[in-house]
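Beneath this line is the structure, given in structure tokens, with notes to follow.
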Amino acid sequence: MQGPLIDTLVRQGVSRRTFLKYCMTLASMMALPPAAGLAMAEAMAAARRPSVIWLPFQECTGCTESITRSHSPTLEGMIFDMISLDYQETLMAAAGFQAEEALHNAMRDNAGKYLVIVDGSIPLGQDGAYSCIGGQSNLEMLKEVGKGAAAIIAVGTCASYGGIPKANPNPTGAVSVSDIIKDKPIVNIPGCPPIPVVMTGVLAHYLTFGSLPELDAKGRPRAFFGETIHDRCYRRPFYDQGKFAKTFDDEGARRGWCLFELGCKGPVTHNACATVKWNGGTSWPVESGHGCLGCSEPDFWDAGGFYKPLSVPADPLKFAAAASVVGAAAGVAVSFANRARKGAAKSAHETTTLADLEK
Amino acid sequence: MTLDAIPIHVVNQSPGEPGLTGNAPPLLRELAEQVKRLLESGEPSAIDLSALPLTPVDLDWLRDKLGSGEISVTLQAGGESTLNETACPGVWWVTHRNEQGAVTAQFIEVAWVPELVKAHPQDVAIGQEQLELLISDL
């Protein structure tokens, strides 16, 4: 086990055994054969640091936070030493013309070989004027930088599927990376934010095998997004037994029963939260008592309400149409009554109930 | 109506306590094959337990069958790892934990010595420098 990466890690106090153990665990999580851990450690230790250009578009920087602050100090963070991060406007010391120069130097020196990481969606409205960097629209920048890329990694749901900026009514005309770039390999790592180890896993796979990992129909690495949250959820046995929490503070909730009826989107969400967990393996949303929001799926923001069970019709427009058939007048009356109650609740500081959240 | 009224009964019902899926016993055959390979060619191998559909009861059954051997290794590297030889020499039960103590991966390794236990030549070289420093201070 020799090479630039392991030398850097050893200097930072990470022992070879720690690194080998990490690679073995990573290989296991990526469903690679057990022997791959050692091969991965050897290959990554010796890897020549590829140039990486990170483009932040219409985003909240949550994805960057997730990866750089996963828990410190981490190997996930330190693995970033194995890439040469040549442009990341949030993290880099340079600004203005110097930053743009660094971007163009990296593109010129590593043409056809650099990796591009994108977080954030790309607005198409008003000729892309909603989001510009150095006077260049995100759309133009992605096309220009994408031209010389070996591959593009879309980090977060915004870059992968449009995410929250794309939520109805999508005021900026936001689209995903794969809506624009058609001729390059693209890996989607959705999640709001995505799990840090998935990012490391994709980079590790690229460095070890020189290729991108196997992807599912939505462009996500199969190793991490192959199964639903529901399939790997520790509360699954309660679902099978028909034991459901009906509110967030009833007996069932206290006993840790299934959150399906409280709107958990676990059954239709593909992600690795249930196995990898968050905050260094401490917990994850369902374990802390809240249903899955489905943040790694396209259009999760418009999926019909976070607290509505999957079995309830999801499309609010269709729901309204059905109501109008029953009686438009009644529908209007109900909506006025709801509005009045919401107003009254607001002025009286009443406790918000589950039903209030659904209006 | 009781369950007996349904004219279907399970064939090859898995024996023993509830929770046993019957997925563990075939692993013993795989291990036997891997031990044979180690003896013949010296080639080490491993079974990734987290990648298999095994219940906690299955794992306990397997751990119980394999028994405990003479060597237990505890490794402090990014959390604790235990590498315990089973009653079958050359078969190691390996559990990796993170800093918080959660199990991150579990393997059964078939090897003379698991790779993680061996000291790396470059670490040994650093140790040699350290020794020389100690001697020069005498």
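Identifiers for the structure tokens are assigned positionally: chains receive A, B, ... in sequence, residues are indexed from 1 per chain, and ligands are indexed from 1 in the order shown.
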
Chain A residues near chain B (9 Å cut-off, only C-alpha atoms) as number ranges by chain: A: 1-2, 14-22, 24-26, 28-29, 31, 33-35, 38, 276, 280-282

With C-alpha atoms retained, could you export that selection as a short mmCIF file (atom, residue, chain, number, x, y, z; two decimals), in the first residue's frame?
data_model
loop_
_atom_site.label_atom_id
_atom_site.label_comp_id
_atom_site.auth_asym_id
_atom_site.auth_seq_id
_atom_site.Cartn_x
_atom_site.Cartn_y
_atom_site.Cartn_z
CA MET A 1 0.00 0.00 0.00
CA GLN A 2 2.00 2.93 -1.30
CA VAL A 14 -4.54 8.00 9.72
CA SER A 15 -2.86 4.60 10.00
CA ARG A 16 -2.66 2.15 7.12
CA ARG A 17 -4.83 -0.25 9.07
CA THR A 18 -7.53 2.42 9.51
CA PHE A 19 -7.46 3.08 5.79
CA LEU A 20 -7.60 -0.62 4.92
CA LYS A 21 -10.48 -1.14 7.35
CA TYR A 22 -12.31 1.82 5.81
CA MET A 24 -13.08 -3.02 3.40
CA THR A 25 -16.20 -1.46 4.93
CA LEU A 26 -16.77 0.69 1.86
CA SER A 28 -18.96 -4.18 1.70
CA MET A 29 -21.41 -1.25 1.53
CA ALA A 31 -21.79 -4.80 -2.46
CA PRO A 33 -16.79 -8.97 -3.41
CA PRO A 34 -14.96 -9.16 -0.03
CA ALA A 35 -11.53 -9.29 -1.68
CA LEU A 38 -7.81 -4.87 -0.29
CA VAL A 276 -25.71 3.76 6.44
CA GLY A 280 -21.57 8.99 11.73
CA GLY A 281 -24.07 6.18 12.11
CA THR A 282 -25.89 7.82 15.04
#

Check chain B with DSSP on the backbone and list each residue it calls helix (DSSP H, G or I), as a PyMOL selection string. chain B and resi 3-5+25-41+49-51+56-66+121-136

Based on the backbone DSSP call, show me all residues of range 81-155 of chain A assigned strand (DSSP E or B), as number ranges by chain. A: 84-88, 114-119, 121-123, 132-133, 136-137, 149-155

For the residues selected in the previous step, produce a file with C-alpha atoms as a PDB file, in the first residue's frame.
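Here's the written file again-v4.pdb:
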ATOM      1  CA  SER A  84      -7.399  17.713  -6.841  1.00  0.00           C
ATOM      2  CA  LEU A  85     -10.326  20.029  -6.226  1.00  0.00           C
ATOM      3  CA  ASP A  86      -9.376  22.792  -8.649  1.00  0.00           C
ATOM      4  CA  TYR A  87     -12.553  24.855  -8.478  1.00  0.00           C
ATOM      5  CA  GLN A  88     -15.177  25.069  -5.733  1.00  0.00           C
ATOM      6  CA  TYR A 114     -11.391  15.949 -15.377  1.00  0.00           C
ATOM      7  CA  LEU A 115     -14.468  15.093 -13.328  1.00  0.00           C
ATOM      8  CA  VAL A 116     -17.241  17.634 -12.900  1.00  0.00           C
ATOM      9  CA  ILE A 117     -19.337  17.691  -9.729  1.00  0.00           C
ATOM     10  CA  VAL A 118     -22.516  19.746  -9.951  1.00  0.00           C
ATOM     11  CA  ASP A 119     -24.761  20.712  -7.072  1.00  0.00           C
ATOM     12  CA  SER A 121     -30.338  22.923 -10.574  1.00  0.00           C
ATOM     13  CA  ILE A 122     -29.937  24.983 -13.729  1.00  0.00           C
ATOM     14  CA  PRO A 123     -32.524  27.757 -14.394  1.00  0.00           C
ATOM     15  CA  CYS A 132     -24.989  33.570 -13.001  1.00  0.00           C
ATOM     16  CA  ILE A 133     -21.349  33.193 -11.951  1.00  0.00           C
ATOM     17  CA  GLN A 136     -21.938  33.656 -17.203  1.00  0.00           C
ATOM     18  CA  SER A 137     -25.253  31.853 -16.851  1.00  0.00           C
ATOM     19  CA  ALA A 149     -15.312  16.315 -18.772  1.00  0.00           C
ATOM     20  CA  ALA A 150     -14.658  12.591 -18.455  1.00  0.00           C
ATOM     21  CA  ALA A 151     -17.862  12.265 -16.441  1.00  0.00           C
ATOM     22  CA  ILE A 152     -20.294  14.404 -14.476  1.00  0.00           C
ATOM     23  CA  ILE A 153     -21.471  13.664 -10.940  1.00  0.00           C
ATOM     24  CA  ALA A 154     -24.758  15.373 -10.070  1.00  0.00           C
ATOM     25  CA  VAL A 155     -24.746  15.774  -6.276  1.00  0.00           C
TER      26      VAL A 155
END

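The closest residue to Ile164 in chain A, picked from A:Gly120, A:Ala45, A:Gly96, A:Ser178 and counting only C-alpha atoms, is A:Gly120.
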
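Using only C-alpha atoms, the residues found no farther than 12 Å from Glu30 in chain B, other than those of its own chain fewer than 3 positions away, are Asn23, Ala24, Pro25, Pro26, Leu27, Glu33, Gln34, Val35, Lys36, Arg37, Ser45, Ala46, Ile47, Val91, Ile108, Glu109 and Val110 of chain B.
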
Residues just named, written with N, CA, C and O atoms as an mmCIF file, in the first residue's frame:
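What follows is the written file result_24.cif:
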data_model
loop_
_atom_site.group_PDB
_atom_site.id
_atom_site.type_symbol
_atom_site.label_atom_id
_atom_site.label_comp_id
_atom_site.auth_asym_id
_atom_site.auth_seq_id
_atom_site.Cartn_x
_atom_site.Cartn_y
_atom_site.Cartn_z
ATOM 1 N N ASN B 23 -30.593 -20.105 5.981
ATOM 2 C CA ASN B 23 -29.554 -19.580 5.095
ATOM 3 C C ASN B 23 -28.143 -19.759 5.651
ATOM 4 O O ASN B 23 -27.167 -19.582 4.930
ATOM 5 N N ALA B 24 -28.038 -20.076 6.935
ATOM 6 C CA ALA B 24 -26.714 -20.177 7.546
ATOM 7 C C ALA B 24 -25.987 -21.496 7.246
ATOM 8 O O ALA B 24 -24.793 -21.459 6.932
ATOM 9 N N PRO B 25 -26.672 -22.668 7.315
ATOM 10 C CA PRO B 25 -25.944 -23.927 7.124
ATOM 11 C C PRO B 25 -25.136 -24.025 5.814
ATOM 12 O O PRO B 25 -23.999 -24.519 5.834
ATOM 13 N N PRO B 26 -25.658 -23.535 4.671
ATOM 14 C CA PRO B 26 -24.853 -23.629 3.449
ATOM 15 C C PRO B 26 -23.519 -22.894 3.540
ATOM 16 O O PRO B 26 -22.563 -23.240 2.825
ATOM 17 N N LEU B 27 -23.454 -21.884 4.430
ATOM 18 C CA LEU B 27 -22.201 -21.142 4.571
ATOM 19 C C LEU B 27 -21.090 -22.039 5.096
ATOM 20 O O LEU B 27 -19.920 -21.837 4.791
ATOM 21 N N GLU B 33 -15.034 -25.310 1.641
ATOM 22 C CA GLU B 33 -14.410 -25.168 0.321
ATOM 23 C C GLU B 33 -13.254 -24.156 0.381
ATOM 24 O O GLU B 33 -12.190 -24.366 -0.193
ATOM 25 N N GLN B 34 -13.510 -23.049 1.114
ATOM 26 C CA GLN B 34 -12.494 -21.991 1.207
ATOM 27 C C GLN B 34 -11.280 -22.449 2.016
ATOM 28 O O GLN B 34 -10.148 -22.085 1.692
ATOM 29 N N VAL B 35 -11.531 -23.262 3.061
ATOM 30 C CA VAL B 35 -10.411 -23.787 3.855
ATOM 31 C C VAL B 35 -9.573 -24.728 2.994
ATOM 32 O O VAL B 35 -8.342 -24.705 3.038
ATOM 33 N N LYS B 36 -10.263 -25.524 2.171
ATOM 34 C CA LYS B 36 -9.559 -26.448 1.259
ATOM 35 C C LYS B 36 -8.646 -25.647 0.323
ATOM 36 O O LYS B 36 -7.494 -26.006 0.089
ATOM 37 N N ARG B 37 -9.194 -24.543 -0.203
ATOM 38 C CA ARG B 37 -8.430 -23.705 -1.121
ATOM 39 C C ARG B 37 -7.213 -23.103 -0.413
ATOM 40 O O ARG B 37 -6.127 -23.024 -0.976
ATOM 41 N N SER B 45 -9.646 -16.107 1.473
ATOM 42 C CA SER B 45 -10.953 -15.690 0.949
ATOM 43 C C SER B 45 -11.813 -15.194 2.115
ATOM 44 O O SER B 45 -11.417 -15.277 3.267
ATOM 45 N N ALA B 46 -12.988 -14.695 1.780
ATOM 46 C CA ALA B 46 -13.842 -14.121 2.825
ATOM 47 C C ALA B 46 -15.302 -14.181 2.415
ATOM 48 O O ALA B 46 -15.620 -14.258 1.228
ATOM 49 N N ILE B 47 -16.172 -14.190 3.408
ATOM 50 C CA ILE B 47 -17.620 -14.112 3.174
ATOM 51 C C ILE B 47 -18.105 -12.821 3.821
ATOM 52 O O ILE B 47 -17.822 -12.578 5.004
ATOM 53 N N VAL B 91 -10.087 -19.976 10.227
ATOM 54 C CA VAL B 91 -11.382 -19.322 9.989
ATOM 55 C C VAL B 91 -11.564 -18.249 11.043
ATOM 56 O O VAL B 91 -11.544 -18.548 12.245
ATOM 57 N N ILE B 108 -16.556 -13.318 7.561
ATOM 58 C CA ILE B 108 -15.824 -14.501 8.003
ATOM 59 C C ILE B 108 -14.651 -14.614 7.052
ATOM 60 O O ILE B 108 -14.839 -14.732 5.833
ATOM 61 N N GLU B 109 -13.445 -14.503 7.568
ATOM 62 C CA GLU B 109 -12.259 -14.566 6.712
ATOM 63 C C GLU B 109 -11.596 -15.924 6.850
ATOM 64 O O GLU B 109 -11.515 -16.485 7.950
ATOM 65 N N VAL B 110 -11.134 -16.456 5.751
ATOM 66 C CA VAL B 110 -10.364 -17.694 5.767
ATOM 67 C C VAL B 110 -8.954 -17.335 5.323
ATOM 68 O O VAL B 110 -8.723 -16.975 4.162
#

Considering only C-alpha atoms, return as an MDAnalysis selection string whatever protein or nucleic-acid residues lie within 6 Å of range 62-74 of chain B, sequence-local ones (same chain, fewer than 5 positions apart) excluded. chainID B and resid 81:87

What's the separation between CA of Pro267 in chain A and CA of Thr21 in chain B, in Å to one decimal place? 23.7 Å

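If you look at CA of Gly266 in chain A and CA of Leu52 in chain B, they are 21.7 Å away from each other.
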
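The two atoms in question, CA of Gln241 in chain A and CA of Trp284 in chain A, are spaced 22.5 Å apart.
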
So that I can see what lies close to Tyr239 in chain A, please list as a PyMOL selection string the residues with an atom at most 10 Å from it, counting only C-alpha atoms and leaving out residues fewer than 6 positions away in the same chain. chain A and resi 230+233+257-260

Pull all heavy atoms from the residues just selected and write them as a tab-separated table (two decimals), in the first residue's frame.
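Saved the output as selection_37.tsv:
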chain	number	residue	atom	x	y	z
A	230	HIS	N	-37.91	1.38	2.95
A	230	HIS	CA	-38.87	0.46	3.58
A	230	HIS	C	-38.31	-0.96	3.68
A	230	HIS	O	-38.48	-1.62	4.70
A	230	HIS	CB	-40.15	0.47	2.73
A	230	HIS	CG	-41.30	-0.24	3.33
A	230	HIS	ND1	-41.81	0.07	4.57
A	230	HIS	CD2	-42.08	-1.24	2.84
A	230	HIS	CE1	-42.85	-0.72	4.81
A	230	HIS	NE2	-43.02	-1.52	3.79
A	233	CYS	N	-35.75	-0.98	6.44
A	233	CYS	CA	-36.10	-0.25	7.66
A	233	CYS	C	-36.23	-1.20	8.86
A	233	CYS	O	-36.83	-2.27	8.75
A	233	CYS	CB	-37.41	0.49	7.46
A	233	CYS	SG	-37.91	1.44	8.90
A	257	TRP	N	-43.53	1.91	16.31
A	257	TRP	CA	-44.22	1.21	15.23
A	257	TRP	C	-44.04	1.92	13.90
A	257	TRP	O	-43.54	3.05	13.84
A	257	TRP	CB	-45.72	1.07	15.59
A	257	TRP	CG	-45.94	0.07	16.68
A	257	TRP	CD1	-45.01	-0.74	17.26
A	257	TRP	CD2	-47.18	-0.23	17.33
A	257	TRP	NE1	-45.58	-1.51	18.24
A	257	TRP	CE2	-46.92	-1.24	18.30
A	257	TRP	CE3	-48.49	0.23	17.18
A	257	TRP	CZ2	-47.91	-1.77	19.12
A	257	TRP	CZ3	-49.48	-0.30	18.00
A	257	TRP	CH2	-49.19	-1.29	18.95
A	258	CYS	N	-44.53	1.31	12.86
A	258	CYS	CA	-44.34	1.80	11.49
A	258	CYS	C	-45.02	3.17	11.30
A	258	CYS	O	-46.12	3.42	11.80
A	258	CYS	CB	-44.92	0.80	10.50
A	258	CYS	SG	-44.80	1.33	8.80
A	259	LEU	N	-44.34	4.07	10.56
A	259	LEU	CA	-44.82	5.44	10.37
A	259	LEU	C	-45.57	5.63	9.05
A	259	LEU	O	-45.80	6.75	8.61
A	259	LEU	CB	-43.63	6.42	10.45
A	259	LEU	CG	-42.87	6.40	11.78
A	259	LEU	CD1	-41.55	7.14	11.66
A	259	LEU	CD2	-43.71	7.00	12.89
A	260	PHE	N	-45.96	4.53	8.43
A	260	PHE	CA	-46.63	4.60	7.12
A	260	PHE	C	-47.84	5.52	7.14
A	260	PHE	O	-48.01	6.36	6.27
A	260	PHE	CB	-47.06	3.18	6.71
A	260	PHE	CG	-47.75	3.11	5.37
A	260	PHE	CD1	-47.01	2.94	4.21
A	260	PHE	CD2	-49.13	3.23	5.28
A	260	PHE	CE1	-47.64	2.89	2.98
A	260	PHE	CE2	-49.76	3.17	4.04
A	260	PHE	CZ	-49.02	3.00	2.89
